[in-house]
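Enquirer: So that we are looking at the same thing, I have put the structure below in structure tokens.
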Amino acid sequence: MVQIVISSKAGEGPAEWLLVELQGEIVSRQNTGLAGNLMGDLHYTKESVPVLVVGHHIRYGKQVKLEKPFAVLMKHSGLSQDEEENMETNQENPNILHRFRPH
Amino acid sequence: MRILEEVQATLQIAKVKEEDLQPVTYCLSFGDNVSSGDYCLMELDDTLCKLIEAGKSLIIRGDKDEHAVLCTEDKTYDLKIADTSNLLLFVPGCKTPDQLPDISASPQLMHAQIWGFSNCYWELRRQRPRLKKLKKLLMENPYDGPAVGMQEEAPGLKYTMDDLLERIQASREEIEAHLQNVHACEIEGFWRILDFDYEMKLLGHVTQLVDSESWSFSKVPFSVCLEELGSLEPKAMIEHCLNCYGRRYSNEDGQVIYALDEDKVCRATAQLLLQNAVKFNLSEFQEVWQQSVPEGMSARLDQLRGLALLDRSSKPETISLLRIEDLPEDTLERFNSLFSLREKWTQDDIEPYIQDLCGEKQTTGALLTKHARSSVQNGVKVYNSRRPVAT
């Protein structure tokens with residue numbers, strides 16, 4: 001049986017991250033892959049409304065508390081002989097989910 | 001690297017007024033890791049969240065032909081992939097307005113990297129663990145007493161707790177609880193289930209001793225048991241039997257005493273009788289059964305829920321062995337099996353055989369509504385299968 005262990009970094013609890021939800025897909029213009037490329041600028045209005053500017057598009061969003069927290073699991077290849085893969089967790093901040101819709 | 005002036009220029013083109021915005025802007029770019037695919041998103045519930053925050057580990061388990069499950073120390077969860085039509089980006093180190101400094105500061109550009117993205121995530125749903133496999137594994141090689149004379153114990157598969165953890169899709173605590181339920185015993189580091197006849201032999205020794213000493217069955221002195229029975233069976237087995245069928249406590253003098261459990265003893269006795277034939281005349285069975293249980297114990301039909309099935313429609317009324325652990329584990333298969341044994345069931349009769357299928361906060365009534373059809377027969381509500389079943 002395969003057993004995959006999920007653990008978080010010893011000592012500290014997992015960090016909290018931001019989750020941004022967007023409609024649609026993201027593709028790099030020259031199909032060169034996304035790594036290193038700019039995505040967009042994230043602003044907040046004085047009323048704390050998140051605004052995302054991607055290329056020429058403006059998206060207005062909403063800050064939403066996640067109903068259930070998410071964890072990001074990252075693969076770590078195991079060094080042991082049995083089939084154990086370790087994954088680390090980083091936790092999505094349950095308070096923040098920016099939901100962007102076309103305006 | 002993008003600078004503040006460029007951001008401000010973009011805002012102008014996009015016709016977004018800078019004075020409406022807070023001073024801090026995040027420039028988001030994709031990190032190196034985004035396309036690696038070496039990550040995934042998983043939805044948690046509060047319990048799991050707290051466990052992870054406390055540094056505890058979770059384990060995903062599954063064989064090639066099984067659906068993966070996630071286990072904590074004491075619970076098991078089903079894993080299912082959920083698709084979303086949207087894209088989810090995860091950005092570490094990006095703050096929200098409530099976490100940012102005062103509005104009156106001057107414009108500032110911060111850089112944040114998108115660490116990864118996904119359009120699907122793992123959903124977890126608490127489920128009852130699949131433990132039937134546990135008994136099946138242990139039954140490959142039941143223990144029926146120590147090796148006799150020079151004979152070595154017959155070779156066969158034996159499992160340690162770690163072996164079991166590797167084969168059973170359940171948490172450690174759930175496995176430990178089930179081992180207790182099936183009266184398994186750890187012998188020389190291996191978990192063994194007792195051959196039923198051997199288990200009854202042990203119980204017989206104890207009840208006969210209680211009888212011959214005229215003890216109350218709720219005051220069985222442990223040391224005397226060991227003294228008297230130690231020559232017949234290993235002391236560890238005598239103790240195991242007492243633990244399975246009684247409750248251990250200390251009296252005022254500090255002596256270890258066992259109180260035998262009437263229900264458990266009567267139930268085991270019934271099984272011993274019922275396994276010898278397909279069906280019994282109910283009244284005859286009740287007579288023999290009462291005579292077979294220790295003096296002072298009352299054999300009652302309600303002790304047999306989940307073990308035996310009564311047929312009150314036949315003349316004479318009959319009783320037969322039907323153990324819940326012999327039925328399929330899967331919900332649909334369980335119902336099919338029950339309805340092929342008997343076309344129509346009252347709720348009272350079927351309840352002990354479906355109780356374990358209930359999800360968290362689900363009642364047997366809800367289960368029946370979902371998987372069966374009800375009708376009224378002779379003024380009594382009965383349930384039958386929703387689909388044609390081969391009888």
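By convention in this document, the chains of the structure tokens carry letters A, B, ... by their order, each chain's residues are numbered from 1, and ligands are numbered from 1 in the order they are shown.
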Please find the residues of chain B near chain A - the criterion being any atom within 6 Å, counting only C-alpha atoms - and write them as number ranges by chain.

Expert: B: 20-22, 25-32, 38-45, 53, 55, 57-63, 86-92, 97, 166

Enquirer: Using atom CA of B:Ile319 and atom CA of B:Phe280 as the two end points, give the distance in Å to one decimal.

Expert: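 Computing it gives 5.3 Å between the two atoms.
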
Enquirer: Neighbours of B:Thr364 within 8 Å (only C-alpha atoms; same-chain residues fewer than 5 positions away dropped), as a ChimeraX atom specification?

Expert: /B:351,354-355,358

Enquirer: Quick one: pick out all helix (DSSP H, G or I) residues within stretch 11-242 of chain B from a backbone DSSP run and write them as a VMD selection string.

Expert: chain B and resid 11 to 13 18 to 20 34 to 36 46 to 53 97 to 99 132 to 138 161 to 167 172 to 181 196 to 212 222 to 229 235 to 242

Enquirer: Excluding same-chain residues fewer than 2 positions from B:Val288, what lies within 12 Å of it counting only C-alpha atoms, as a list of chain:residue names?

Expert: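 Answer for this query is B:Cys266, B:Thr269, B:Ala270, B:Leu272, B:Leu273, B:Leu274, B:Phe280, B:Asn281, B:Leu282, B:Ser283, B:Glu284, B:Phe285, B:Gln286, B:Gln290, B:Gln291, B:Ser292, B:Val293, B:Ala299.
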
Enquirer: Those same residues - N, CA, C and O atoms - I'd like them written as a compact mmCIF listing (two decimals), in the first residue's frame.

Expert:
# COMPACT_ATOMS: atom_id res chain seq x y z
N CYS B 266 -24.00 -14.17 27.19
CA CYS B 266 -25.20 -14.79 26.61
C CYS B 266 -25.14 -14.77 25.10
O CYS B 266 -25.50 -15.73 24.42
N THR B 269 -22.75 -17.36 23.80
CA THR B 269 -23.36 -18.69 23.97
C THR B 269 -24.38 -18.95 22.87
O THR B 269 -24.45 -20.05 22.31
N ALA B 270 -25.15 -17.92 22.54
CA ALA B 270 -26.14 -18.04 21.48
C ALA B 270 -25.47 -18.35 20.15
O ALA B 270 -25.91 -19.22 19.40
N LEU B 272 -22.67 -19.81 19.65
CA LEU B 272 -22.18 -21.19 19.71
C LEU B 272 -23.28 -22.18 19.35
O LEU B 272 -23.07 -23.15 18.63
N LEU B 273 -24.48 -21.92 19.86
CA LEU B 273 -25.61 -22.80 19.58
C LEU B 273 -26.10 -22.64 18.14
O LEU B 273 -26.34 -23.61 17.43
N LEU B 274 -26.24 -21.40 17.70
CA LEU B 274 -26.85 -21.13 16.39
C LEU B 274 -25.98 -21.55 15.22
O LEU B 274 -26.50 -21.82 14.13
N PHE B 280 -33.42 -22.67 13.78
CA PHE B 280 -33.89 -23.35 14.99
C PHE B 280 -35.32 -22.95 15.29
O PHE B 280 -35.73 -21.84 15.06
N ASN B 281 -36.02 -23.87 15.89
CA ASN B 281 -37.33 -23.56 16.44
C ASN B 281 -37.08 -22.56 17.57
O ASN B 281 -36.26 -22.82 18.47
N LEU B 282 -37.75 -21.42 17.51
CA LEU B 282 -37.43 -20.34 18.45
C LEU B 282 -37.60 -20.72 19.91
O LEU B 282 -36.71 -20.49 20.73
N SER B 283 -38.73 -21.33 20.24
CA SER B 283 -38.95 -21.63 21.67
C SER B 283 -38.00 -22.69 22.18
O SER B 283 -37.52 -22.62 23.31
N GLU B 284 -37.68 -23.66 21.32
CA GLU B 284 -36.72 -24.69 21.75
C GLU B 284 -35.35 -24.06 21.98
O GLU B 284 -34.67 -24.36 22.96
N PHE B 285 -35.01 -23.18 21.04
CA PHE B 285 -33.71 -22.52 21.15
C PHE B 285 -33.63 -21.73 22.45
O PHE B 285 -32.63 -21.80 23.17
N GLN B 286 -34.68 -20.98 22.77
CA GLN B 286 -34.64 -20.14 23.96
C GLN B 286 -34.44 -20.98 25.22
O GLN B 286 -33.75 -20.57 26.16
N GLN B 290 -31.09 -20.63 27.56
CA GLN B 290 -31.14 -20.22 28.96
C GLN B 290 -30.41 -21.24 29.83
O GLN B 290 -29.73 -20.87 30.78
N GLN B 291 -30.57 -22.50 29.49
CA GLN B 291 -29.90 -23.53 30.29
C GLN B 291 -28.39 -23.51 30.11
O GLN B 291 -27.65 -23.95 30.98
N SER B 292 -27.94 -23.00 28.99
CA SER B 292 -26.51 -23.01 28.70
C SER B 292 -25.74 -21.84 29.29
O SER B 292 -24.51 -21.90 29.37
N VAL B 293 -26.44 -20.80 29.67
CA VAL B 293 -25.71 -19.64 30.20
C VAL B 293 -25.49 -19.82 31.70
O VAL B 293 -26.21 -20.57 32.35
N ALA B 299 -30.89 -14.89 29.64
CA ALA B 299 -30.73 -14.86 28.20
C ALA B 299 -31.95 -14.16 27.61
O ALA B 299 -33.08 -14.59 27.83

Enquirer: Could you pull the residues within 9 Å of B:Lys80, counting only C-alpha atoms, minus those fewer than 6 positions along the same chain, as a PDB file with N, CA and C atoms, in the first residue's frame?

Expert:
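Dumped everything to out-v5.pdb:
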ATOM      1  N   HIS B  67      -9.695   3.303  -3.512  1.00  0.00           N
ATOM      2  CA  HIS B  67      -9.775   4.772  -3.496  1.00  0.00           C
ATOM      3  C   HIS B  67      -8.915   5.251  -2.353  1.00  0.00           C
ATOM      4  N   ALA B  68      -8.183   6.301  -2.560  1.00  0.00           N
ATOM      5  CA  ALA B  68      -7.297   6.796  -1.501  1.00  0.00           C
ATOM      6  C   ALA B  68      -8.109   7.376  -0.353  1.00  0.00           C
ATOM      7  N   TYR B 121      -9.231  20.886  -6.720  1.00  0.00           N
ATOM      8  CA  TYR B 121      -8.684  20.672  -5.379  1.00  0.00           C
ATOM      9  C   TYR B 121      -9.261  19.382  -4.819  1.00  0.00           C
ATOM     10  N   TRP B 122      -8.623  18.871  -3.779  1.00  0.00           N
ATOM     11  CA  TRP B 122      -9.083  17.653  -3.122  1.00  0.00           C
ATOM     12  C   TRP B 122     -10.090  17.998  -2.047  1.00  0.00           C
ATOM     13  N   GLU B 123     -11.190  17.275  -2.089  1.00  0.00           N
ATOM     14  CA  GLU B 123     -12.230  17.461  -1.079  1.00  0.00           C
ATOM     15  C   GLU B 123     -12.153  16.304  -0.112  1.00  0.00           C
ATOM     16  N   LEU B 124     -12.335  16.592   1.161  1.00  0.00           N
ATOM     17  CA  LEU B 124     -12.284  15.509   2.144  1.00  0.00           C
ATOM     18  C   LEU B 124     -13.647  15.288   2.751  1.00  0.00           C
ATOM     19  N   ARG B 125     -14.041  14.064   2.842  1.00  0.00           N
ATOM     20  CA  ARG B 125     -15.307  13.783   3.484  1.00  0.00           C
ATOM     21  C   ARG B 125     -15.086  12.681   4.510  1.00  0.00           C
TER      22      ARG B 125
END

Enquirer: May I have the residues within 12 Å of stretch 230-234 of chain B as a list in words, using only C-alpha atoms and disregarding those fewer than 2 positions away in the same chain?

Expert: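 Contacts, in chain order: Asp144, Gly145, Pro146, Ala147, Val148, Ile187, Tyr198, Glu199, Lys201, Leu202, Leu203, Gly204, His205, Val206, Phe222, Ser223, Val224, Cys225, Leu226, Glu227, Glu228, Ala236, Met237, Ile238, Glu239, His240 and Cys241 of chain B.
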
Enquirer: Atoms to include: C-alpha atoms. Write the selected residues as a PDB file, in the first residue's frame.

Expert:
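Generated file (again_31.pdb):
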ATOM      1  CA  ASP B 144      -6.346 -21.845  18.743  1.00  0.00           C
ATOM      2  CA  GLY B 145      -4.072 -22.253  21.674  1.00  0.00           C
ATOM      3  CA  PRO B 146      -0.384 -22.754  22.304  1.00  0.00           C
ATOM      4  CA  ALA B 147       1.507 -25.379  20.364  1.00  0.00           C
ATOM      5  CA  VAL B 148       1.032 -28.842  21.853  1.00  0.00           C
ATOM      6  CA  ILE B 187       0.667 -12.616  21.053  1.00  0.00           C
ATOM      7  CA  TYR B 198     -11.032 -21.880  21.368  1.00  0.00           C
ATOM      8  CA  GLU B 199     -12.490 -18.617  22.618  1.00  0.00           C
ATOM      9  CA  LYS B 201     -13.368 -23.107  25.459  1.00  0.00           C
ATOM     10  CA  LEU B 202     -11.656 -20.360  27.460  1.00  0.00           C
ATOM     11  CA  LEU B 203     -14.993 -18.805  28.403  1.00  0.00           C
ATOM     12  CA  GLY B 204     -16.307 -22.235  29.356  1.00  0.00           C
ATOM     13  CA  HIS B 205     -13.407 -22.738  31.767  1.00  0.00           C
ATOM     14  CA  VAL B 206     -14.180 -19.417  33.427  1.00  0.00           C
ATOM     15  CA  PHE B 222      -8.683 -12.745  39.141  1.00  0.00           C
ATOM     16  CA  SER B 223      -5.872 -14.440  41.057  1.00  0.00           C
ATOM     17  CA  VAL B 224      -7.952 -17.499  41.920  1.00  0.00           C
ATOM     18  CA  CYS B 225      -8.927 -17.820  38.255  1.00  0.00           C
ATOM     19  CA  LEU B 226      -5.321 -17.816  37.227  1.00  0.00           C
ATOM     20  CA  GLU B 227      -4.402 -20.324  39.913  1.00  0.00           C
ATOM     21  CA  GLU B 228      -7.173 -22.746  39.065  1.00  0.00           C
ATOM     22  CA  ALA B 236      -2.360 -14.552  29.295  1.00  0.00           C
ATOM     23  CA  MET B 237      -5.262 -16.227  27.515  1.00  0.00           C
ATOM     24  CA  ILE B 238      -7.316 -16.520  30.712  1.00  0.00           C
ATOM     25  CA  GLU B 239      -6.742 -12.838  31.311  1.00  0.00           C
ATOM     26  CA  HIS B 240      -7.622 -12.021  27.696  1.00  0.00           C
ATOM     27  CA  CYS B 241     -10.882 -13.932  28.024  1.00  0.00           C
TER      28      CYS B 241
END

Enquirer: Residues at most 10 Å from B:Gly296, counting only C-alpha atoms, excluding those fewer than 5 positions away in the same chain, as a ChimeraX atom specification?

Expert: /B:211,216-217,262,290
